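Participant: File target_20.cif below, mmCIF, C-alpha atoms:
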```
data_run
#
loop_
_atom_site.label_atom_id
_atom_site.label_comp_id
_atom_site.auth_asym_id
_atom_site.auth_seq_id
_atom_site.Cartn_x
_atom_site.Cartn_y
_atom_site.Cartn_z
CA MET A 162 16.80 -38.97 54.08
CA PRO A 163 13.48 -37.82 52.53
CA THR A 164 13.45 -34.77 50.29
CA VAL A 165 13.05 -31.64 52.40
CA THR A 166 10.83 -28.74 51.44
CA TYR A 167 13.15 -26.02 52.65
CA LEU A 168 11.40 -22.72 53.34
CA ASP A 169 13.73 -21.25 55.93
CA HIS A 170 16.02 -19.14 53.74
CA ALA A 171 15.79 -16.19 56.14
CA ALA A 172 17.65 -18.35 58.66
CA SER A 173 20.22 -19.65 56.18
CA SER A 174 20.03 -20.26 52.45
CA PRO A 175 21.50 -23.39 50.80
CA THR A 176 24.95 -22.77 49.37
CA LEU A 177 25.04 -21.75 45.74
CA PRO A 178 27.26 -23.86 43.45
CA GLU A 179 29.18 -20.73 42.43
CA ALA A 180 30.04 -20.08 46.08
CA THR A 181 31.10 -23.68 46.61
CA ALA A 182 33.35 -23.57 43.54
CA ALA A 183 34.97 -20.33 44.70
CA MET A 184 35.70 -21.79 48.12
CA VAL A 185 37.01 -25.09 46.78
CA ALA A 186 39.39 -23.21 44.48
CA GLN A 187 40.94 -21.50 47.50
CA LEU A 188 40.96 -24.55 49.74
CA GLY A 189 42.74 -26.49 47.01
CA ALA A 190 45.41 -23.83 46.59
CA ALA A 191 48.41 -23.22 48.78
CA VAL A 192 46.95 -21.85 52.01
CA ALA A 193 48.61 -18.61 52.97
CA ASN A 194 47.88 -15.80 55.39
CA PRO A 195 46.82 -12.73 53.35
CA SER A 196 48.63 -10.51 55.86
CA GLY A 197 52.02 -11.94 54.88
CA SER A 198 54.57 -10.50 52.45
CA HIS A 199 55.66 -13.49 50.35
CA THR A 200 54.24 -14.49 46.99
CA ALA A 201 51.63 -16.92 48.29
CA ALA A 202 50.44 -14.38 50.86
CA ARG A 203 50.16 -11.68 48.22
CA SER A 204 48.13 -14.04 46.04
CA ALA A 205 45.74 -14.67 48.95
CA ARG A 206 45.48 -10.94 49.58
CA ARG A 207 44.49 -10.37 45.94
CA VAL A 208 41.62 -12.81 46.39
CA VAL A 209 40.46 -10.90 49.47
CA ASP A 210 40.76 -7.53 47.77
CA ASP A 211 39.02 -8.71 44.60
CA ALA A 212 36.19 -10.05 46.72
CA ARG A 213 35.99 -6.72 48.52
CA ASP A 214 35.72 -4.95 45.14
CA THR A 215 32.90 -7.29 44.11
CA VAL A 216 30.87 -6.64 47.25
CA ALA A 217 31.53 -2.90 47.07
CA LYS A 218 30.14 -2.80 43.53
CA VAL A 219 26.93 -4.50 44.66
CA LEU A 220 26.57 -2.11 47.60
CA GLY A 221 27.45 0.94 45.52
CA VAL A 222 30.28 1.99 47.85
CA GLU A 223 34.08 2.28 47.90
CA SER A 224 35.86 -1.02 48.49
CA GLY A 225 38.19 0.58 51.04
CA GLU A 226 35.18 1.27 53.25
CA ILE A 227 34.29 -2.42 53.69
CA THR A 228 35.44 -4.49 56.67
CA TRP A 229 35.13 -8.29 56.64
CA THR A 230 33.47 -9.77 59.74
CA SER A 231 32.37 -13.20 60.92
CA GLY A 232 28.78 -12.43 59.92
CA GLY A 233 25.86 -10.11 60.45
CA THR A 234 25.95 -10.20 64.24
CA GLU A 235 29.56 -9.08 64.43
CA ALA A 236 28.96 -6.44 61.77
CA ASP A 237 26.00 -5.04 63.71
CA ASN A 238 27.93 -5.08 66.99
CA LEU A 239 30.93 -3.38 65.41
CA ALA A 240 28.71 -0.62 64.02
CA ILE A 241 26.82 -0.01 67.27
CA PHE A 242 29.65 -0.29 69.76
CA GLY A 243 32.11 1.29 67.33
CA THR A 244 30.11 4.44 66.62
CA GLY A 245 27.54 4.64 69.39
CA ARG A 246 29.53 4.72 72.62
CA GLY A 247 29.02 7.77 74.77
CA ALA A 248 26.36 9.08 77.10
CA ALA A 249 23.13 7.20 77.81
CA ASP A 250 20.52 7.63 75.07
CA ALA A 251 23.30 8.13 72.51
CA VAL A 252 21.98 5.24 70.40
CA CYS A 253 18.52 4.22 69.30
CA CYS A 254 16.92 1.59 67.09
CA SER A 255 13.47 0.38 66.11
CA ALA A 256 11.59 -1.87 68.52
CA ILE A 257 11.61 -4.77 66.03
CA GLU A 258 15.35 -5.02 65.35
CA HIS A 259 17.21 -8.33 65.29
CA ALA A 260 18.79 -9.19 68.62
CA ALA A 261 22.22 -8.42 67.11
CA VAL A 262 21.15 -4.76 67.13
CA LEU A 263 18.55 -4.59 69.87
CA THR A 264 20.71 -6.21 72.56
CA PRO A 265 23.77 -3.93 72.05
CA VAL A 266 21.51 -0.87 71.99
CA GLU A 267 19.89 -1.92 75.26
CA TYR A 268 23.32 -2.71 76.73
CA LEU A 269 24.43 0.85 75.97
CA GLY A 270 21.32 2.29 77.59
CA GLY A 271 19.83 3.32 74.27
CA ARG A 272 16.25 3.89 73.22
CA THR A 273 13.82 2.04 70.97
CA VAL A 274 11.36 3.57 68.53
CA ALA A 275 7.81 2.33 68.12
CA VAL A 276 6.44 0.74 64.96
CA GLY A 277 2.91 0.54 63.57
CA SER A 278 0.69 -2.50 63.08
CA ALA A 279 2.39 -3.33 59.77
CA GLY A 280 5.85 -3.18 61.34
CA LEU A 281 6.86 0.14 59.80
CA VAL A 282 8.82 2.62 61.92
CA ASP A 283 6.67 5.44 63.30
CA LEU A 284 8.42 8.47 61.80
CA ASP A 285 6.85 10.88 64.29
CA ALA A 286 8.03 8.73 67.19
CA LEU A 287 11.49 8.63 65.65
CA ALA A 288 11.59 12.41 65.36
CA ASP A 289 10.53 12.75 69.01
CA THR A 290 13.28 10.31 70.08
CA LEU A 291 16.17 12.08 68.36
CA ASP A 292 18.06 15.04 69.77
CA THR A 293 21.53 16.56 69.78
CA SER A 294 22.86 13.77 72.04
CA THR A 295 22.07 11.02 69.53
CA ARG A 296 25.18 9.51 67.97
CA LEU A 297 23.77 6.49 66.15
CA VAL A 298 20.42 5.38 64.75
CA SER A 299 20.07 1.75 63.62
CA VAL A 300 17.10 0.51 61.58
CA MET A 301 17.00 -2.74 59.63
CA ALA A 302 16.21 -2.62 55.92
CA VAL A 303 13.99 -5.71 56.16
CA ASN A 304 12.63 -7.34 59.29
CA ASN A 305 13.89 -10.88 59.67
CA GLU A 306 10.63 -12.18 61.13
CA VAL A 307 7.75 -10.61 59.19
CA GLY A 308 9.59 -9.28 56.13
CA THR A 309 8.63 -5.61 56.42
CA ILE A 310 10.68 -3.24 54.23
CA GLN A 311 11.43 -0.07 56.16
CA PRO A 312 11.17 3.35 54.47
CA ILE A 313 14.91 3.94 54.67
CA GLU A 314 14.94 7.20 52.69
CA ALA A 315 12.20 8.73 54.86
CA ILE A 316 14.01 7.58 58.01
CA ALA A 317 17.22 9.17 56.74
CA GLU A 318 15.40 12.45 56.17
CA VAL A 319 14.11 12.47 59.76
CA ILE A 320 17.63 11.78 61.07
CA ARG A 321 19.14 14.58 58.97
CA ALA A 322 16.49 17.01 60.19
CA ARG A 323 16.48 16.10 63.89
CA ALA A 324 19.98 14.71 64.55
CA PRO A 325 22.33 15.56 61.69
CA GLN A 326 25.31 14.65 63.85
CA ALA A 327 24.12 11.03 64.19
CA ALA A 328 25.33 8.17 62.02
CA PHE A 329 22.66 6.04 60.35
CA HIS A 330 23.32 2.28 60.42
CA VAL A 331 21.21 -0.16 58.40
CA ASP A 332 21.15 -3.88 59.16
CA ALA A 333 20.71 -5.09 55.58
CA VAL A 334 21.24 -8.79 56.30
CA GLN A 335 17.69 -9.69 55.24
CA GLY A 336 17.62 -7.15 52.42
CA LEU A 337 20.68 -8.40 50.52
CA GLY A 338 18.77 -10.80 48.29
CA TRP A 339 15.71 -8.63 47.70
CA LEU A 340 16.61 -4.94 47.59
CA ASP A 341 18.91 -2.63 45.66
CA LEU A 342 21.36 -1.97 48.49
CA ALA A 343 23.17 0.70 46.47
CA ALA A 344 20.06 2.83 46.95
CA VAL A 345 20.11 2.06 50.68
CA SER A 346 23.79 2.91 51.10
CA SER A 347 23.28 6.22 49.30
CA VAL A 348 21.32 7.55 52.31
CA ALA A 349 23.04 5.56 55.11
CA ASP A 350 26.40 5.80 56.87
CA ALA A 351 26.91 2.14 57.71
CA LEU A 352 25.46 -1.14 56.49
CA SER A 353 25.74 -4.79 57.60
CA ILE A 354 25.42 -7.92 55.43
CA SER A 355 25.88 -11.66 55.87
CA ALA A 356 26.74 -14.12 53.11
CA HIS A 357 24.82 -17.20 54.22
CA LYS A 358 21.45 -15.47 53.77
CA VAL A 359 22.00 -15.51 50.00
CA GLY A 360 23.69 -18.85 49.41
CA GLY A 361 27.17 -17.96 50.61
CA PRO A 362 29.09 -19.71 53.39
CA GLN A 363 28.23 -19.30 57.04
CA GLY A 364 30.73 -17.43 59.18
CA ILE A 365 31.45 -14.48 56.90
CA GLY A 366 29.86 -11.05 56.54
CA ALA A 367 30.84 -7.44 56.13
CA LEU A 368 30.31 -3.97 57.51
CA TRP A 369 30.40 -0.93 55.28
CA VAL A 370 31.09 2.38 57.00
CA ARG A 371 31.14 5.62 55.05
CA ARG A 372 34.53 7.32 54.95
CA GLY A 373 34.69 10.04 57.61
CA VAL A 374 32.51 8.19 60.14
CA ALA A 375 34.71 7.38 63.13
CA LEU A 376 34.68 3.69 64.06
CA VAL A 377 36.28 2.23 67.19
CA PRO A 378 37.50 -1.36 66.69
CA ARG A 379 36.09 -4.20 68.79
CA ALA A 380 38.78 -6.82 68.06
CA LEU A 381 42.39 -5.75 68.66
CA GLY A 382 45.49 -7.66 67.70
CA GLY A 383 47.33 -7.85 64.40
CA GLY A 384 45.70 -4.79 62.88
CA GLN A 385 44.05 -6.51 59.92
CA GLU A 386 41.24 -4.79 58.01
CA ARG A 387 42.86 -1.37 58.43
CA GLY A 388 42.96 -1.93 62.18
CA LEU A 389 39.17 -2.15 62.46
CA ARG A 390 38.88 -5.90 62.85
CA SER A 391 42.02 -7.81 63.81
CA GLY A 392 42.29 -11.50 62.99
CA THR A 393 43.35 -13.57 59.99
CA VAL A 394 40.93 -13.05 57.11
CA PRO A 395 39.41 -16.41 55.97
CA VAL A 396 40.28 -16.35 52.28
CA ALA A 397 38.04 -19.22 51.17
CA LEU A 398 35.01 -17.84 53.02
CA VAL A 399 35.57 -14.38 51.59
CA ALA A 400 35.80 -15.81 48.06
CA GLY A 401 32.60 -17.80 48.57
CA ALA A 402 30.79 -14.78 49.98
CA ALA A 403 31.72 -12.58 47.04
CA ALA A 404 30.65 -15.23 44.53
CA ALA A 405 27.25 -15.69 46.19
CA ILE A 406 26.62 -11.95 46.52
CA GLU A 407 27.62 -11.29 42.90
CA VAL A 408 25.36 -14.05 41.56
CA THR A 409 22.47 -12.98 43.80
CA ALA A 410 22.72 -9.37 42.65
CA ALA A 411 22.82 -10.36 38.99
CA ARG A 412 19.70 -12.51 39.36
CA ARG A 413 17.86 -10.35 41.87
CA GLU A 414 15.11 -8.94 39.67
CA ALA A 415 14.29 -12.32 38.16
CA THR A 416 14.39 -14.03 41.54
CA VAL A 417 12.13 -11.42 43.14
CA ALA A 418 9.52 -11.85 40.40
CA ARG A 419 9.64 -15.66 40.53
CA VAL A 420 9.60 -15.92 44.33
CA ALA A 421 6.82 -13.33 44.72
CA ARG A 422 4.61 -15.55 42.60
CA LEU A 423 5.42 -18.57 44.78
CA ARG A 424 4.84 -16.61 47.98
CA ASP A 425 1.52 -15.23 46.78
CA ARG A 426 0.30 -18.65 45.67
CA LEU A 427 1.13 -20.12 49.06
CA ALA A 428 -0.50 -17.22 50.92
CA GLU A 429 -3.70 -17.44 48.90
CA GLY A 430 -3.84 -21.22 49.10
CA LEU A 431 -3.41 -21.29 52.86
CA ALA A 432 -5.96 -18.51 53.39
CA GLU A 433 -8.50 -20.55 51.47
CA ALA A 434 -7.70 -23.90 53.11
CA VAL A 435 -7.16 -22.96 56.78
CA ASP A 436 -9.77 -21.22 58.89
CA GLY A 437 -8.42 -18.81 61.49
CA LEU A 438 -5.26 -18.05 59.51
CA SER A 439 -4.11 -14.45 59.22
CA GLU A 440 -1.16 -13.00 57.35
CA THR A 441 1.10 -10.74 59.40
CA GLY A 442 2.17 -7.28 58.32
CA VAL A 443 -0.21 -6.77 55.41
CA VAL A 444 -3.17 -4.47 54.90
CA GLY A 445 -5.78 -6.49 53.08
CA ALA A 446 -3.77 -8.35 50.46
CA ASP A 447 -1.24 -5.55 49.92
CA ARG A 448 2.27 -6.97 50.28
CA ARG A 449 4.17 -4.14 48.57
CA HIS A 450 6.02 -3.19 51.75
CA LYS A 451 7.19 -6.79 52.32
CA VAL A 452 10.01 -8.61 50.57
CA ALA A 453 9.02 -11.30 48.10
CA GLY A 454 10.71 -14.01 50.12
CA ASN A 455 8.64 -13.69 53.31
CA LEU A 456 5.25 -15.08 54.27
CA HIS A 457 4.46 -14.85 57.98
CA VAL A 458 1.14 -16.27 59.13
CA ARG A 459 -0.62 -16.81 62.44
CA ILE A 460 -3.01 -19.73 62.96
CA ALA A 461 -5.49 -19.50 65.82
CA GLY A 462 -6.25 -22.49 68.01
CA VAL A 463 -2.94 -24.26 67.40
CA GLU A 464 0.21 -24.52 69.51
CA GLY A 465 3.23 -23.33 67.54
CA GLU A 466 5.68 -25.92 68.81
CA ALA A 467 3.39 -28.82 67.96
CA LEU A 468 2.71 -27.42 64.49
CA LEU A 469 6.39 -26.99 63.66
CA PHE A 470 7.15 -30.48 64.98
CA LEU A 471 4.58 -32.09 62.69
CA LEU A 472 5.63 -30.00 59.70
CA ASP A 473 9.22 -31.04 60.28
CA ALA A 474 8.16 -34.67 60.52
CA ALA A 475 6.48 -34.23 57.12
CA GLY A 476 9.70 -32.86 55.63
CA ILE A 477 8.83 -29.16 55.73
CA ALA A 478 11.51 -26.89 57.22
CA VAL A 479 10.17 -23.54 58.45
CA SER A 480 10.60 -21.31 61.51
CA ALA A 481 8.37 -19.76 64.13
CA ALA A 482 10.38 -16.54 64.04
CA ALA A 483 14.08 -15.73 64.11
CA ALA A 484 16.40 -18.75 64.13
CA CYS A 485 19.15 -17.02 66.02
CA SER A 486 19.38 -18.57 69.47
CA SER A 487 18.44 -21.89 71.00
CA GLY A 488 15.69 -22.99 68.64
CA ALA A 489 13.11 -22.77 71.43
CA ILE A 490 9.88 -20.95 70.68
CA GLY A 491 9.29 -17.93 72.89
CA ALA A 492 7.30 -14.74 72.80
CA SER A 493 8.09 -12.58 69.78
CA HIS A 494 9.20 -9.04 70.57
CA VAL A 495 8.46 -8.17 66.94
CA LEU A 496 4.80 -9.17 67.12
CA ALA A 497 4.45 -7.50 70.53
CA ALA A 498 5.85 -4.25 69.14
CA MET A 499 3.33 -4.47 66.29
CA GLY A 500 0.53 -4.69 68.85
CA ILE A 501 -0.26 -8.35 68.18
CA VAL A 502 -1.36 -10.09 71.37
CA ASP A 503 -3.35 -13.33 71.26
CA ASP A 504 -5.91 -14.46 73.83
CA GLU A 505 -5.77 -18.09 72.73
CA PRO A 506 -3.00 -20.41 71.53
CA THR A 507 -1.81 -19.16 68.17
CA ALA A 508 0.97 -20.59 66.03
CA SER A 509 3.25 -18.16 64.21
CA VAL A 510 4.96 -19.59 61.14
CA ARG A 511 7.52 -17.90 58.91
CA PHE A 512 7.85 -19.29 55.41
CA SER A 513 10.95 -17.76 53.83
CA PHE A 514 11.81 -18.40 50.20
CA GLY A 515 15.05 -18.17 48.27
CA HIS A 516 16.99 -19.20 45.19
CA SER A 517 16.14 -22.90 45.49
CA SER A 518 12.40 -22.51 46.15
CA THR A 519 10.04 -24.19 43.68
CA ASP A 520 6.37 -24.74 42.89
CA GLU A 521 6.76 -28.22 44.33
CA ASP A 522 7.64 -26.66 47.69
CA VAL A 523 4.39 -24.70 47.65
CA ASP A 524 2.43 -27.79 46.61
CA HIS A 525 3.89 -29.77 49.50
CA VAL A 526 2.95 -27.17 52.10
CA LEU A 527 -0.56 -26.78 50.71
CA ASP A 528 -0.97 -30.55 50.81
CA VAL A 529 0.34 -31.01 54.36
CA LEU A 530 -0.37 -27.95 56.49
CA PRO A 531 -4.20 -27.89 56.39
CA ALA A 532 -4.35 -31.53 57.48
CA VAL A 533 -1.83 -30.93 60.26
CA VAL A 534 -3.81 -27.95 61.58
CA ALA A 535 -7.04 -29.98 61.49
CA ARG A 536 -5.35 -32.81 63.40
CA LEU A 537 -4.03 -30.49 66.11
CA ARG A 538 -7.40 -28.80 66.55
CA ARG A 539 -9.14 -32.13 66.70
CA THR A 540 -6.83 -33.56 69.33
CA GLY A 541 -6.30 -30.32 71.22
CA SER A 542 -2.52 -30.89 71.19
#
```
What do you get writing this file as C-alpha cells?
Facilitator:
Amino acid sequence: MPTVTYLDHAASSPTLPEATAAMVAQLGAAVANPSGSHTAARSARRVVDDARDTVAKVLGVESGEITWTSGGTEADNLAIFGTGRGAADAVCCSAIEHAAVLTPVEYLGGRTVAVGSAGLVDLDALADTLDTSTRLVSVMAVNNEVGTIQPIEAIAEVIRARAPQAAFHVDAVQGLGWLDLAAVSSVADALSISAHKVGGPQGIGALWVRRGVALVPRALGGGQERGLRSGTVPVALVAGAAAAIEVTAARREATVARVARLRDRLAEGLAEAVDGLSETGVVGADRRHKVAGNLHVRIAGVEGEALLFLLDAAGIAVSAAAACSSGAIGASHVLAAMGIVDDEPTASVRFSFGHSSTDEDVDHVLDVLPAVVARLRRTGS
C-alpha cells in the first residue's frame, strides 16, 4: 500500500500509541465484567473509574457526572432525548449541527436557529427562539464541517436571560482536541465527546451532565452507569479513550500551534495555485474563529465526487463534508444554512489535521491538487 496523506482527522484520527498500549494492557489481562463483585471484576471497575477521573479532570467536572457511551452520537442522543422530551418546541439547536443532534431535535418537533455567513450562531435569532417552554438548547462547540468555533459563553448568556429553565448541551466532539473544554463546561449543563476524534478507539465516548439536571435513560437493563446507560462497560475501550484524551489535553497548546501553521501554509498555497478557490467560514484571511485543524475550501468548476476520487487515487484522504453516513456526497445543510449556494459545479473539500499531520502532508497536497483541478477543468469531468 502506498503511503497515505491522511487529512481526515475530523472523521477519525489515527490511534495514538498511548491509547493502543492502554487497550492492550486490558485485553491481555483477565477479562472481567466491571459490574461484578469478585476481585477481577473490582479490578476492572477500578480501571473504568480511574479513566472516568482522567476525563473529568480534562473537562473540569466531577467524575460522578460522566456517563460512558458508545460514542458522540449516543451521547448527543442521550442528552437530547434524556432532557428535552416534552411539548413541541421544547428543544432547539443551531441550523448547522451534526446529524446526531439535528435529527433528534427535528424528531422531537424542535426548532433550529439561524447562523451567519461565517457559521456563527445568530444571537438575536436565538433570543427570539427561546421562551418559557424551552427545555433544552444544543449548540456544538466546533462545527464538524467548516470548523467554526461557536461563542459558547455568549450563547449561555442568552439562554440564561431568555430561558433560564432550559439546559444547555454542547456537542464538543470536534472541540476536544482544540479547545479548553473546562471553560466550555463551566457555562454548560451537558457536554458530549468521542474518543476516536483525538486518537482514541472507535466505539467509545462520554456524556457529562451537570448534577441536578434531570436525565431520562435511553438504554434500560442492568442499571450500569448509575442507571443512565445500561450495558456492560467496555473496559479496554474506556482505558484507551482516557489515555488518548489525557495525552491530547497535555499536548493541546503545542499541537494547536503546530497544526495552525500547517493549515495556514496549505490554505495560502492552494489560494495561490488554484483559481476559483475560496475558503469557507473566514472573513478575509481571519481564521481566529476556526479551529486550527480545519481547512474547508470550495473550488468552482469542478465536480466534488470526481475531485475526491482523484485525490484518493493519489493517496490523499480527505472528505467533502461530514463522514457520518454512507460516504455519498450530497447537499450540505451546513453550507446552505450559511447562505452558500452555487450556480455552477463546485467541489467542497474539508482538510482536517491532527496529531499525525506533517509538512510532508501539506507538500503532497500542494503538489497534487492543482494538477488534478486543472485536469478536471480541461476534461469537463
Participant: Calculate how many Å separate CA of Ala236 (chain A) from CA of Val319 (chain A), rounding to one decimal.
Facilitator: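 Distance reported for this atom pair: 24.1 Å.
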Participant: Please enumerate the residues selected by the PyMOL selection byres ((chain A and resi 173) around 6) when evaluated against the supplied file, formatted as a PDB file with C-alpha atoms, in the frame of the given file.
Facilitator:
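Wrote it out as selection_10.pdb, contents follow:
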```
ATOM      1  CA  HIS A 170      16.020 -19.140  53.740  1.00  0.00           C
ATOM      2  CA  ALA A 171      15.790 -16.190  56.140  1.00  0.00           C
ATOM      3  CA  ALA A 172      17.650 -18.350  58.660  1.00  0.00           C
ATOM      4  CA  SER A 174      20.030 -20.260  52.450  1.00  0.00           C
ATOM      5  CA  HIS A 357      24.820 -17.200  54.220  1.00  0.00           C
ATOM      6  CA  LYS A 358      21.450 -15.470  53.770  1.00  0.00           C
TER       7      LYS A 358
END
```
Participant: Enter the distance from CA of Asp285 (chain A) to CA of Met301 (chain A), in Å, rounded to one decimal.
Facilitator: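 Atom-to-atom, CA of Asp285 (chain A) to CA of Met301 (chain A), that is 17.6 Å.
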Participant: Quick one: which residues end up in the PyMOL selection byres ((chain A and resi 169) around 10) for this structure, as a ChimeraX atom specification?
Facilitator: /A:166-168,170-175,358,454-455,477-484,511-515,518
Participant: Could you jot down the CA of Ala405 (chain A) to CA of Ser204 (chain A) separation for me, Å, one decimal place?
Facilitator: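 Distance reported for this atom pair: 20.9 Å.
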Participant: Can you turn the PyMOL selection byres ((chain A and resi 241) around 10) into a concrete residue list for this file, as a list in words?
Facilitator: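 After applying the PyMOL selection byres ((chain A and resi 241) around 10), what remains is Glu235, Ala236, Asp237, Asn238, Leu239, Ala240, Phe242, Gly243, Thr244, Gly245, Arg246, Val252, Cys253, Ala261, Val262, Leu263, Pro265, Val266, Leu269, Arg296, Leu297, Val298, Ser299, Ala328, His330, Ala351, Leu376 and Val377 of chain A.
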Participant: With only C-alpha atoms as the atoms that count, which of A:Thr295, A:Ser196, A:Gln311, A:Thr215 lies nearest to Ala404 (chain A)?
Facilitator: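 Checking each candidate against Ala404 (chain A), we get A:Thr215 as the closest.
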Participant: Looking at A:Gly430, A:Gly388, A:Pro395, A:Gly382, which one is nearest to Leu527 (chain A), with distances taken over all atoms listed in the file?
Facilitator: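 Checking each of A:Gly430, A:Gly388, A:Pro395, A:Gly382 against Leu527 (chain A), counting all atoms listed in the file, the winner is A:Gly430.
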Participant: Using only C-alpha atoms, list the residues that have an atom at most 10 Å from (32.6, -7.7, 46.5), coordinates as in the file, as a count of residues only.
Facilitator: 23
Participant: Which residue gives the smallest distance to Gly401 (chain A) among A:Ile354, A:Ile365, A:Ala421, A:Ala375, with all atoms listed in the file counted?
Facilitator: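 For Gly401 (chain A), the nearest of the given residues is A:Ile365.
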Participant: With distances taken over all atoms listed in the file, which of A:Ala410, A:Val222, A:Val510, A:Ala327 is nearest to Trp369 (chain A)?
Facilitator: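 Closest residue, counting all atoms listed in the file: A:Val222.
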Participant: I'd like the neighbourhood of Gly442 (chain A) as a PyMOL selection string, where a residue qualifies if any of its atoms comes within 12 Å (using only C-alpha atoms), though same-chain residues fewer than 6 positions away should be ignored.
Facilitator: chain A and resi 276-281+304+306-311+448-452+455-459+495-496+498-501+511
Participant: Grab the residues selected above and save them as a CSV table (one decimal), in the coordinates of the input with C-alpha atoms.
Facilitator:
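After the write, part_20.csv holds the following:
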```
chain,number,residue,atom,x,y,z
A,276,VAL,CA,6.4,0.7,65.0
A,277,GLY,CA,2.9,0.5,63.6
A,278,SER,CA,0.7,-2.5,63.1
A,279,ALA,CA,2.4,-3.3,59.8
A,280,GLY,CA,5.8,-3.2,61.3
A,281,LEU,CA,6.9,0.1,59.8
A,304,ASN,CA,12.6,-7.3,59.3
A,306,GLU,CA,10.6,-12.2,61.1
A,307,VAL,CA,7.8,-10.6,59.2
A,308,GLY,CA,9.6,-9.3,56.1
A,309,THR,CA,8.6,-5.6,56.4
A,310,ILE,CA,10.7,-3.2,54.2
A,311,GLN,CA,11.4,-0.1,56.2
A,448,ARG,CA,2.3,-7.0,50.3
A,449,ARG,CA,4.2,-4.1,48.6
A,450,HIS,CA,6.0,-3.2,51.8
A,451,LYS,CA,7.2,-6.8,52.3
A,452,VAL,CA,10.0,-8.6,50.6
A,455,ASN,CA,8.6,-13.7,53.3
A,456,LEU,CA,5.2,-15.1,54.3
A,457,HIS,CA,4.5,-14.8,58.0
A,458,VAL,CA,1.1,-16.3,59.1
A,459,ARG,CA,-0.6,-16.8,62.4
A,495,VAL,CA,8.5,-8.2,66.9
A,496,LEU,CA,4.8,-9.2,67.1
A,498,ALA,CA,5.8,-4.2,69.1
A,499,MET,CA,3.3,-4.5,66.3
A,500,GLY,CA,0.5,-4.7,68.8
A,501,ILE,CA,-0.3,-8.4,68.2
A,511,ARG,CA,7.5,-17.9,58.9
```
Participant: Nearest to Arg379 (chain A): which of A:Thr230, A:Arg207, A:Ala535, A:Thr441 is it, counting all atoms listed in the file?
Facilitator: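 Selected residue with least distance to Arg379 (chain A): A:Thr230.
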Participant: Using only C-alpha atoms, which residues sit within 9 Å of Val526 (chain A) once same-chain residues fewer than 4 positions away are excluded, as a short mmCIF file (atom, residue, chain, number, x, y, z; two decimals) with C-alpha atoms, keeping the file's coordinate frame?
Facilitator:
```cif
data_model
loop_
_atom_site.label_atom_id
_atom_site.label_comp_id
_atom_site.auth_asym_id
_atom_site.auth_seq_id
_atom_site.Cartn_x
_atom_site.Cartn_y
_atom_site.Cartn_z
CA THR A 166 10.83 -28.74 51.44
CA LEU A 427 1.13 -20.12 49.06
CA LEU A 431 -3.41 -21.29 52.86
CA LEU A 472 5.63 -30.00 59.70
CA ILE A 477 8.83 -29.16 55.73
CA GLU A 521 6.76 -28.22 44.33
CA ASP A 522 7.64 -26.66 47.69
CA LEU A 530 -0.37 -27.95 56.49
CA PRO A 531 -4.20 -27.89 56.39
#
```
Participant: Identify which of the residues A:Gln363, A:Ser509, A:Thr228, A:Thr393 lies closest to Gly197 (chain A), counting all atoms listed in the file when measuring atom-to-atom distances.
Facilitator: A:Thr393
Participant: Which residues come within 6 Å of Pro195 (chain A), counting only C-alpha atoms, excluding same-chain residues fewer than 3 positions away, as a count of residues only?
Facilitator: 3
